Structure formats: structure tokens, C-alpha cells
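S.K.: My structure is below; once you've seen it, I'll send some questions.
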Amino acid sequence: MNKNLRNSLLLFSIFLFTITYFELIFKIRILTINSEMAVFRILLFTLSYTVLIMFFLKFFSPKTMKILTYVILSFVTFLYVNQELYFSFFKGIFLTISTASDIGLGWSFLSKYLRSMNFGQLLYLLPIIITIGLSKYKMISFDISYKNLKMPLYFLTAFIFTYFISINTINEVPPHPEIELSYSEMDIFTNLYDSQAAIKKFGLLTYSQRDFFNIFKLDNDPLTEDQREDLINAFFESRTKHQNNAYTDQFEGKNLILITAESLDTFAINETLTPNLYNMMENHSYFENYYSPLHYRSTADTEFQVQTSYYPDKNVTLSMSAYMDNAFPYTMPKMFEELGYETFSFHNYTDYFYPRTKFHEETLGYNYYFGGVDLGMFAEEPTGIVNNHAWQSDLEMMEKAIPYFIEEEQFFVNMLTVSGHLNYTSGHEIGSQHEDTVRQYEIDNGITLDNEMFWYLAANIELDLALGHLLTELENAGRLEDTVIVIFGDHYAYGIDDNVIWDYDDIKEDNDDMDLHNVPFIVVNNDPAITIFDNNKEAFMSSIDIMPTLANLFNLDLDYSKVFGHDALSNTQNVVRFADLSFVSEGFKYHSISEEYEIYSGNVDDLYLLKLKEDFMIEYFNNVSILQNDYFKEDDE
């Protein structure tokens, strides 16, 4: 064997081993190896990528080739490590290219991101360490440039051949022909409808490759605008119509204060530290099966769902921004305004992360939006990259906000708090103000809290004080009985390590990643004449169901068939859907990672749940199509 061939084979083996090793490690640590065919296909794709890398490298000089080798190895290592870190942080997979623009904002959470790293991630460093060792001891040479014009053609042909075979292992026939509408492997490969399924079936590198080339994909939709509209109309017509129920119009004519509480989790409700929240949970309606599924842009994506009852589009960085100019005829402020309400939205932070000012006023239709600058909590909007965010007081926001609406004849108020935001350390601006209170709580109970839990509870004391002030001011103004307060968590407290959550939370089901997203949802009704809300609610619901549920309670003019949430208090069983296509309801649960079903009760079988999963994919496809094509634009003109 000549020297050039030997060195080429060694470098080829390094790349082949690296990618194969990463794919297996990632699947073992994060996902599951679900079939031998999937493993074989991933190996074929890996082989084709390795050939392509060699085709590219052999055009360069030995020195440049060495540099490029380490660049490629470093990039691939970063890709796999970053996806695993993101998964451990957010319990999902992100689109690698479409979210690249968020790198600047991501620096704000770098410390928490780095703390998510663990010893197991060191396994990803093995290939680059081996390569450095081989190079140091001169066991590998980069003097393997092309010697004639035919060799590049051989490599290119080999790449096309192996990639072609890989593609032809993908099944174009849906796996469940008994289900009328279902997606094939090729559908998932082409459009990445299901991120986790795509990675399981094709590997993370192929998933990233498809993500990259999708940004260059031309609009080759064979449907005309009229045909697409007809399909969406047919989808709406096929949906189950909303029926009035025992809760319909219960709060008609009442004022509403809707509070989205930053990172409010079940263990934040403490009889001693957060007595107002505790009273709300104990003496009003606590929805014990409320979930706030985490999407890529966490708070903003929850906000998008709550305000529009549409799912965020996974193909864009931020749905709030991407669909800012869309027409949304059914939003809560617009529906309340039709009934003569003044509508207000308040937030004690700036537009640094999300363009709320324009979204709330122009897209959603609030009469007034007051951010942190408008309320005088900041001198001006920050510019550039901000590493240290000064989280503001929920109590101060409440004190500043109440005078704007308290004397209105009828009001709908939306509030978004920020005091409970991570990081949960001694440097937390709000938590540090309540350190002594939590220290005394430890002494009184003879305990020592976990450090993250300590500062998390301290931060949420401020939210509780804000709620106490709100109740006092409403009562003093004689508006308490006429006002319904709804408070819920925007997402689980992912700033706290999962194991700490399991240790301190006595509501969630231990070690169930899906149950992590079970957070508080409380409806506070102080009208003694309305007794239907005097007990806990077992209805399953999530962020996207809030608007239709409230629409039913307040008699808002909503076409329920044209939003994607459901009235959680209706007579039909509601299903909570997650970003990764997992779902849970009263009688069953589906875990998309393990692809396992759990059936608890009712006339439910595997076929029904398979159909449900396919229906959710079809529903999401229509959701995205409506957003991307601004379906309601003519209605709003």
C-alpha cells in the first residue's frame, strides 16, 4: 500500500469514526436506537459525509488540510454537544440554522447553559483528543493531496453513490396505511415535521444538513393560493364545533387580570413564603393538570400561544417577530374591546429579548402597552449585547400599573412578570432583597435549602407581594368582586437543576420529563354568587387552551374552529400537546423519545393513539400554513 493511500485511509477512518461515534453516543444518551434499519441508514449517511469531507480536504496543502481537519472536528463536536446541552436545558431539539441568529441573546444565559454540562459530555472530546495524539506522535500525515485529475471525480462519484443509496432506504409509504392521513419517513426527511423522529431515523448530522438546505428551498408548492385556502377551509370545517357547557358565560361582564408569571412553578407556592399564592391555590380554583410546554423561545412562545391560540412556528427564530404583520382576528384584547372593555398590557422589562411593544399594540390590538421604559423602571431601551440583566420588581410594576386601569368601567389587563427570572444565585437583584426572609424560614423549619432553590423562592416572594398589593387595591376600590384574576406559569423553572426539582416538588411525577412542564394555573373568583369555581379543576389544559377557555367563560365572540386551543372546561376530553409531539391526557400518555404509550383508562387502543399523533402533525402543518400565508389577512382589511 502506497503512503498516500495509507494516510488517506487513516484520515478517512478518523472522520468516519468521529461521526459514527457521535451519532451513537447522542442516540444512547438522549434518544433511543429504535430499529436496525435506522442504524444502518445513519451509517450510510455517515459514510457519504465522510467521503464528501475527504473530497473537499484533498484539494488543499498539508498545512491547510491540518487546520481544516481540526476546524471540521471542532465544528462537529460543538454541534453534538450543543444539541445535548440544549436538550438537557429545554427538553427538546432546536433547528440548528434557523436559530443561529439568537447567539447574541444566548450569551445572557451562558452561565446556566455551561452549568448544564456534565462529565458524560467529555465523551464527545475523545475523537479530537485521539486525532491530536496521532498528529503529535506523527502517526498521521496530511500530505494526501490529489495526484491526478481523475481522483476528485472518483471521490465525488463515491459520495453521490453512497448518498443516493442512503436516500433510497427512506420509505415513502406511510407506516400506518389504516390511518387515512399519515406521514411517511420521506415526509419527515423532507420537511422535518418531527425533529426527534428525524434524528432517530436519519441521524443528527443529516437533520442539521436538511435544516441548512431548507433555508435555500425554493417555493415549489404546487398549490395555488386559492387551492391552499380551500384546504385550510376544509380543515376548519372538519373540526369539532364548540358546545356550551356548565361554565359558559360564568364570568360575563367581569373584569379580567391575566398574569403570566415568569418561571412560576408548583414549588414556588409556599404557605409561609408566598401566602397570597398559597391562599389562591387553596381557596380558589387550581388547575392541577395545567402544562406550559416549553418551545424554543420559552416565554415569548408561551405568550404567542396564550394571546393567539396558535402554535409557534418551529421553522422561524421567533414567531412573535416573524408574524408581527399577520392578521389575527381572534385575540383576547380584540374580543374584549368588542365588548367595550379598555385593554392594557404591562411588563416590567424592556424589548431587548422580544419586540413586545409593537406585537402587543399593533398585532394583538391592546389599547395600551407599557413596558419597563414606559413605566419608568428603565431610563431607555438597551442596545448591543447585554450580559447582566437587571430583573425588575413585580411589586413596583404592580404599583405603577394599577392606577392606569383601576377606575375604568370595564378592563382587561394582561401582565407579564419578570422577578422570578433565572439565574438563581446570590447576585439575583430581587432575590437578594428577601434573603433574610428565606434564611429565617430555614431556621424555623430546621432545614438547609439547595442554593438554587433558596434564591428561586426568594425571587418569588416579590411576585407574592405584588399579588397581595393587587388584591388590596382591588378591594379598596370596590372592584374585587367584579374582577377575575388568572395567574399561571409561563414555563417550568428550568433555571433549577431537574434533580433539585424532583427533590422539592411534591406535585410532579418524579423523573417524568413531560411532567416537568406541569406548572400552576389559578383562577381567582371573589364573587360569592359564583360557586362553580370553588373547587380544584382536573381538566387537562396547556398554554394554547387559555384563550378559548377564557372566551367561553367571558362570552367572547370567538370562532373556536379557527384557533388551535380548546375550551378545557368543555365536555370533551382535552389533550395537552408538547413541542416534541409527546402528549398527555386523563386516560393516556405518549412519550415521543421512547415512542411508548401509557393507557390508563377509557376506550383507547394503540391505533387510536397512533392516529392522534398523526392528527397532531396534520394540525401543526395547517397551523404553520395559516401563519406563513397570513390566512386571515383579507378578513382584517
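Within each chain, counting starts at residue 1; across the C-alpha cells, chains are named A, B, ... in the order shown, with ligands numbered 1 upward in that order.
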If you run DSSP over the backbone, which residues in region 331-567 of chain A end up alpha helix (DSSP H)? Put them as JSON, numbers by chain.
M.R.: {"A": [332, 333, 334, 335, 336, 337, 338, 356, 357, 358, 394, 395, 396, 397, 398, 399, 400, 401, 402, 403, 404, 405, 435, 436, 437, 438, 439, 440, 441, 442, 443, 444, 445, 451, 452, 453, 454, 455, 456, 457, 458, 459, 460, 461, 462, 463, 464, 465, 466, 467, 468, 469, 470, 471, 472, 473, 474, 475, 476, 498, 499, 500, 501, 502, 503, 504, 546, 547, 548, 549, 550, 551, 552, 553, 554]}
S.K.: Pick out the residues sitting within 10 Å of region 38-50 of chain A, and hand them over as number ranges by chain; count only C-alpha atoms, and ignore anything fewer than 2 positions along from it in its own chain.
M.R.: A: 11-20, 23-24, 27, 33-36, 52-56, 155-156, 158-170, 199-206
S.K.: I want to know what sits within 9 Å of region 443-453 of chain A, based on only C-alpha atoms, with residues of the same chain fewer than 5 positions away left out; could you give that as a PDB file with all heavy atoms, in the first residue's frame?
M.R.:
ATOM      1  N   ASN A 423     -30.816  33.995  36.673  1.00  0.00           N
ATOM      2  CA  ASN A 423     -30.154  32.910  37.385  1.00  0.00           C
ATOM      3  C   ASN A 423     -30.456  33.003  38.878  1.00  0.00           C
ATOM      4  O   ASN A 423     -30.528  34.090  39.434  1.00  0.00           O
ATOM      5  CB  ASN A 423     -28.640  32.972  37.179  1.00  0.00           C
ATOM      6  CG  ASN A 423     -28.245  32.662  35.750  1.00  0.00           C
ATOM      7  OD1 ASN A 423     -28.828  31.785  35.110  1.00  0.00           O
ATOM      8  ND2 ASN A 423     -27.263  33.379  35.225  1.00  0.00           N
ATOM      9  N   TYR A 424     -30.557  31.848  39.524  1.00  0.00           N
ATOM     10  CA  TYR A 424     -30.905  31.804  40.928  1.00  0.00           C
ATOM     11  C   TYR A 424     -29.634  31.684  41.770  1.00  0.00           C
ATOM     12  O   TYR A 424     -29.228  30.600  42.191  1.00  0.00           O
ATOM     13  CB  TYR A 424     -31.882  30.655  41.173  1.00  0.00           C
ATOM     14  CG  TYR A 424     -33.086  30.746  40.255  1.00  0.00           C
ATOM     15  CD1 TYR A 424     -33.377  29.732  39.347  1.00  0.00           C
ATOM     16  CD2 TYR A 424     -33.899  31.875  40.273  1.00  0.00           C
ATOM     17  CE1 TYR A 424     -34.460  29.830  38.493  1.00  0.00           C
ATOM     18  CE2 TYR A 424     -34.988  31.992  39.422  1.00  0.00           C
ATOM     19  CZ  TYR A 424     -35.265  30.963  38.529  1.00  0.00           C
ATOM     20  OH  TYR A 424     -36.337  31.081  37.676  1.00  0.00           O
ATOM     21  N   THR A 425     -29.032  32.844  41.979  1.00  0.00           N
ATOM     22  CA  THR A 425     -27.791  32.944  42.742  1.00  0.00           C
ATOM     23  C   THR A 425     -27.887  34.144  43.669  1.00  0.00           C
ATOM     24  O   THR A 425     -28.859  34.906  43.636  1.00  0.00           O
ATOM     25  CB  THR A 425     -26.577  33.128  41.812  1.00  0.00           C
ATOM     26  OG1 THR A 425     -26.692  34.407  41.150  1.00  0.00           O
ATOM     27  CG2 THR A 425     -26.503  32.020  40.766  1.00  0.00           C
ATOM     28  N   SER A 426     -26.846  34.327  44.488  1.00  0.00           N
ATOM     29  CA  SER A 426     -26.826  35.440  45.444  1.00  0.00           C
ATOM     30  C   SER A 426     -26.816  36.793  44.743  1.00  0.00           C
ATOM     31  O   SER A 426     -27.091  37.811  45.366  1.00  0.00           O
ATOM     32  CB  SER A 426     -25.614  35.325  46.366  1.00  0.00           C
ATOM     33  OG  SER A 426     -24.416  35.321  45.599  1.00  0.00           O
ATOM     34  N   VAL A 438     -35.941  34.210  53.727  1.00  0.00           N
ATOM     35  CA  VAL A 438     -35.736  32.785  53.441  1.00  0.00           C
ATOM     36  C   VAL A 438     -34.785  32.165  54.457  1.00  0.00           C
ATOM     37  O   VAL A 438     -34.954  31.007  54.856  1.00  0.00           O
ATOM     38  CB  VAL A 438     -35.235  32.592  51.998  1.00  0.00           C
ATOM     39  CG1 VAL A 438     -35.111  31.109  51.672  1.00  0.00           C
ATOM     40  CG2 VAL A 438     -36.179  33.246  51.006  1.00  0.00           C
ATOM     41  N   ALA A 458     -36.719  33.054  47.074  1.00  0.00           N
ATOM     42  CA  ALA A 458     -36.548  34.459  47.451  1.00  0.00           C
ATOM     43  C   ALA A 458     -37.076  35.384  46.357  1.00  0.00           C
ATOM     44  O   ALA A 458     -37.744  36.394  46.644  1.00  0.00           O
ATOM     45  CB  ALA A 458     -35.069  34.741  47.732  1.00  0.00           C
ATOM     46  N   GLY A 495     -34.359  27.068  35.218  1.00  0.00           N
ATOM     47  CA  GLY A 495     -33.115  27.573  35.793  1.00  0.00           C
ATOM     48  C   GLY A 495     -32.648  26.767  36.980  1.00  0.00           C
ATOM     49  O   GLY A 495     -31.557  27.007  37.514  1.00  0.00           O
ATOM     50  N   ILE A 496     -33.460  25.790  37.414  1.00  0.00           N
ATOM     51  CA  ILE A 496     -33.116  24.916  38.532  1.00  0.00           C
ATOM     52  C   ILE A 496     -32.848  23.523  37.986  1.00  0.00           C
ATOM     53  O   ILE A 496     -33.567  23.032  37.118  1.00  0.00           O
ATOM     54  CB  ILE A 496     -34.256  24.872  39.570  1.00  0.00           C
ATOM     55  CG1 ILE A 496     -34.508  26.272  40.130  1.00  0.00           C
ATOM     56  CG2 ILE A 496     -33.942  23.906  40.695  1.00  0.00           C
ATOM     57  CD1 ILE A 496     -35.679  26.346  41.090  1.00  0.00           C
ATOM     58  N   ASP A 497     -31.830  22.880  38.496  1.00  0.00           N
ATOM     59  CA  ASP A 497     -31.491  21.528  38.063  1.00  0.00           C
ATOM     60  C   ASP A 497     -32.680  20.592  38.256  1.00  0.00           C
ATOM     61  O   ASP A 497     -33.388  20.647  39.276  1.00  0.00           O
ATOM     62  CB  ASP A 497     -30.284  21.020  38.863  1.00  0.00           C
ATOM     63  CG  ASP A 497     -29.816  19.664  38.392  1.00  0.00           C
ATOM     64  OD1 ASP A 497     -29.055  19.588  37.412  1.00  0.00           O
ATOM     65  OD2 ASP A 497     -30.222  18.651  39.006  1.00  0.00           O
ATOM     66  N   VAL A 500     -33.015  18.704  41.518  1.00  0.00           N
ATOM     67  CA  VAL A 500     -33.455  19.541  42.635  1.00  0.00           C
ATOM     68  C   VAL A 500     -34.966  19.691  42.600  1.00  0.00           C
ATOM     69  O   VAL A 500     -35.641  19.633  43.637  1.00  0.00           O
ATOM     70  CB  VAL A 500     -32.762  20.923  42.582  1.00  0.00           C
ATOM     71  CG1 VAL A 500     -33.314  21.841  43.680  1.00  0.00           C
ATOM     72  CG2 VAL A 500     -31.254  20.767  42.724  1.00  0.00           C
ATOM     73  N   ILE A 501     -35.517  19.850  41.403  1.00  0.00           N
ATOM     74  CA  ILE A 501     -36.975  19.948  41.261  1.00  0.00           C
ATOM     75  C   ILE A 501     -37.640  18.691  41.805  1.00  0.00           C
ATOM     76  O   ILE A 501     -38.606  18.762  42.565  1.00  0.00           O
ATOM     77  CB  ILE A 501     -37.359  20.184  39.793  1.00  0.00           C
ATOM     78  CG1 ILE A 501     -36.908  21.579  39.359  1.00  0.00           C
ATOM     79  CG2 ILE A 501     -38.871  20.031  39.598  1.00  0.00           C
ATOM     80  CD1 ILE A 501     -37.172  21.901  37.906  1.00  0.00           C
ATOM     81  N   TYR A 504     -37.759  18.673  45.621  1.00  0.00           N
ATOM     82  CA  TYR A 504     -38.571  19.659  46.341  1.00  0.00           C
ATOM     83  C   TYR A 504     -40.037  19.699  45.919  1.00  0.00           C
ATOM     84  O   TYR A 504     -40.856  20.255  46.633  1.00  0.00           O
ATOM     85  CB  TYR A 504     -37.968  21.053  46.171  1.00  0.00           C
ATOM     86  CG  TYR A 504     -36.737  21.279  47.018  1.00  0.00           C
ATOM     87  CD1 TYR A 504     -35.476  20.927  46.553  1.00  0.00           C
ATOM     88  CD2 TYR A 504     -36.836  21.841  48.289  1.00  0.00           C
ATOM     89  CE1 TYR A 504     -34.342  21.120  47.327  1.00  0.00           C
ATOM     90  CE2 TYR A 504     -35.702  22.043  49.079  1.00  0.00           C
ATOM     91  CZ  TYR A 504     -34.458  21.683  48.595  1.00  0.00           C
ATOM     92  OH  TYR A 504     -33.338  21.872  49.367  1.00  0.00           O
TER      93      TYR A 504
END
S.K.: Give me, as a list in words, all polymer residues having an atom no more than 12 Å from Ser238 (chain A), counting only C-alpha atoms and skipping those fewer than 2 positions away in the same chain.
M.R.: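 The filter keeps Leu231, Ile232, Asn233, Ala234, Phe235, Phe236, Thr240, Lys241, Ser561, Lys562, Asp615 and Glu619 of chain A.
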S.K.: Now that the selection is made, can you save its residues with all heavy atoms as a tab-separated table (two decimals), in the first residue's frame?
M.R.:
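Output (part_18.tsv):
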chain	number	residue	atom	x	y	z
A	231	LEU	N	-57.97	24.18	1.14
A	231	LEU	CA	-57.55	23.11	2.05
A	231	LEU	C	-57.68	23.54	3.51
A	231	LEU	O	-58.13	22.78	4.37
A	231	LEU	CB	-56.11	22.69	1.75
A	231	LEU	CG	-55.89	21.82	0.52
A	231	LEU	CD1	-54.39	21.57	0.32
A	231	LEU	CD2	-56.62	20.48	0.67
A	232	ILE	N	-57.27	24.76	3.78
A	232	ILE	CA	-57.38	25.26	5.15
A	232	ILE	C	-58.84	25.40	5.56
A	232	ILE	O	-59.23	25.04	6.68
A	232	ILE	CB	-56.63	26.61	5.29
A	232	ILE	CG1	-55.13	26.41	5.10
A	232	ILE	CG2	-56.90	27.23	6.67
A	232	ILE	CD1	-54.33	27.69	5.06
A	233	ASN	N	-59.68	25.88	4.62
A	233	ASN	CA	-61.11	25.98	4.91
A	233	ASN	C	-61.70	24.61	5.22
A	233	ASN	O	-62.51	24.46	6.14
A	233	ASN	CB	-61.85	26.59	3.72
A	233	ASN	CG	-61.56	28.07	3.57
A	233	ASN	OD1	-61.15	28.72	4.52
A	233	ASN	ND2	-61.77	28.60	2.37
A	234	ALA	N	-61.27	23.60	4.45
A	234	ALA	CA	-61.76	22.24	4.68
A	234	ALA	C	-61.30	21.73	6.04
A	234	ALA	O	-62.05	21.02	6.74
A	234	ALA	CB	-61.27	21.32	3.56
A	235	PHE	N	-60.07	22.08	6.41
A	235	PHE	CA	-59.56	21.67	7.72
A	235	PHE	C	-60.40	22.30	8.83
A	235	PHE	O	-60.80	21.61	9.78
A	235	PHE	CB	-58.09	22.09	7.86
A	235	PHE	CG	-57.56	21.98	9.26
A	235	PHE	CD1	-57.27	20.74	9.81
A	235	PHE	CD2	-57.37	23.11	10.04
A	235	PHE	CE1	-56.80	20.63	11.10
A	235	PHE	CE2	-56.90	23.02	11.33
A	235	PHE	CZ	-56.60	21.77	11.87
A	236	PHE	N	-60.70	23.58	8.71
A	236	PHE	CA	-61.53	24.24	9.72
A	236	PHE	C	-62.91	23.61	9.79
A	236	PHE	O	-63.47	23.42	10.89
A	236	PHE	CB	-61.64	25.74	9.40
A	236	PHE	CG	-60.42	26.54	9.76
A	236	PHE	CD1	-60.03	27.62	8.98
A	236	PHE	CD2	-59.67	26.23	10.88
A	236	PHE	CE1	-58.92	28.38	9.32
A	236	PHE	CE2	-58.55	26.98	11.23
A	236	PHE	CZ	-58.17	28.05	10.44
A	240	THR	N	-64.25	19.74	15.27
A	240	THR	CA	-65.41	19.60	16.15
A	240	THR	C	-65.87	20.98	16.62
A	240	THR	O	-65.06	21.80	17.07
A	240	THR	CB	-65.07	18.73	17.37
A	240	THR	OG1	-64.60	17.46	16.91
A	240	THR	CG2	-66.28	18.53	18.25
A	241	LYS	N	-67.14	21.23	16.54
A	241	LYS	CA	-67.68	22.53	16.93
A	241	LYS	C	-67.76	22.65	18.45
A	241	LYS	O	-68.02	21.67	19.15
A	241	LYS	CB	-69.07	22.75	16.31
A	241	LYS	CG	-69.10	22.59	14.80
A	241	LYS	CD	-68.11	23.50	14.08
A	241	LYS	CE	-68.13	23.28	12.59
A	241	LYS	NZ	-67.07	24.05	11.88
A	561	SER	N	-63.43	27.13	15.96
A	561	SER	CA	-62.87	26.24	14.93
A	561	SER	C	-61.64	26.84	14.27
A	561	SER	O	-60.89	26.14	13.60
A	561	SER	CB	-63.93	25.92	13.87
A	561	SER	OG	-64.24	27.09	13.11
A	562	LYS	N	-61.42	28.15	14.47
A	562	LYS	CA	-60.32	28.82	13.77
A	562	LYS	C	-59.16	29.16	14.69
A	562	LYS	O	-58.32	30.00	14.35
A	562	LYS	CB	-60.85	30.06	13.05
A	562	LYS	CG	-61.76	29.68	11.88
A	562	LYS	CD	-62.19	30.88	11.08
A	562	LYS	CE	-63.05	30.42	9.89
A	562	LYS	NZ	-63.55	31.56	9.08
A	615	ASP	N	-52.76	13.03	13.61
A	615	ASP	CA	-53.68	14.18	13.56
A	615	ASP	C	-53.00	15.44	14.07
A	615	ASP	O	-53.20	16.53	13.53
A	615	ASP	CB	-54.93	13.89	14.39
A	615	ASP	CG	-55.87	12.90	13.73
A	615	ASP	OD1	-55.69	12.64	12.52
A	615	ASP	OD2	-56.76	12.38	14.42
A	619	GLU	N	-52.44	18.84	12.14
A	619	GLU	CA	-52.91	20.08	12.75
A	619	GLU	C	-51.79	21.11	12.78
A	619	GLU	O	-52.00	22.29	12.46
A	619	GLU	CB	-53.42	19.78	14.16
A	619	GLU	CG	-54.11	20.94	14.83
A	619	GLU	CD	-54.73	20.55	16.15
A	619	GLU	OE1	-55.81	19.94	16.13
A	619	GLU	OE2	-54.12	20.83	17.20
S.K.: Nearest residue to Thr64 (chain A) out of A:Thr417, A:Asp143, A:Gln121, A:Leu31, using only C-alpha atoms?
M.R.: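 For Thr64 (chain A), the nearest of the candidates is A:Asp143.
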S.K.: Between A:Phe251, A:Tyr352, A:Phe22, A:Tyr183, which has the minimum distance to Thr549 (chain A) (counting only C-alpha atoms)?
M.R.: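 The closest residue to Thr549 (chain A) is A:Phe251.
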S.K.: At a cut-off of 12 Å, using only C-alpha atoms, what residues contact Gln573 (chain A)? Leave out same-chain residues fewer than 2 positions from it and give the result as number ranges by chain.
M.R.: A: 538-541, 566-571, 575-576, 584-588, 602
S.K.: DSSP on the backbone: what in region 372-532 of chain A comes out strand (DSSP E), as a list in words?
M.R.: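 Reading the DSSP output for region 372-532 of chain A, strand (DSSP E) covers Phe411, Phe412, Val413, Asn414, Met415, Leu416, Thr483, Val484, Ile485, Val486, Ile487, Phe488, Gly489, Phe521, Ile522, Val523, Val524 and Asn525 of chain A.
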S.K.: Between CA of Pro174 (chain A) and CA of Leu192 (chain A), what is the distance, to one decimal in Å?
M.R.: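 The value is 15.1 Å.
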S.K.: Find, counting only C-alpha atoms, the residue in A:Ile487, A:Val386, A:Ile25, A:Leu294 that gets nearest to Leu264 (chain A).
M.R.: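 Result for the nearest residue to Leu264 (chain A): A:Ile487.
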S.K.: Considering only C-alpha atoms, can you say which of A:Leu258, A:Leu57, A:Met332, A:Met186 comes closest to Leu556 (chain A)?
M.R.: A:Met332
S.K.: Between CA of Glu509 (chain A) and CA of Met281 (chain A), what distance in Å does the model show, to one decimal?
M.R.: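 Between CA of Glu509 (chain A) and CA of Met281 (chain A) the gap is 19.0 Å.
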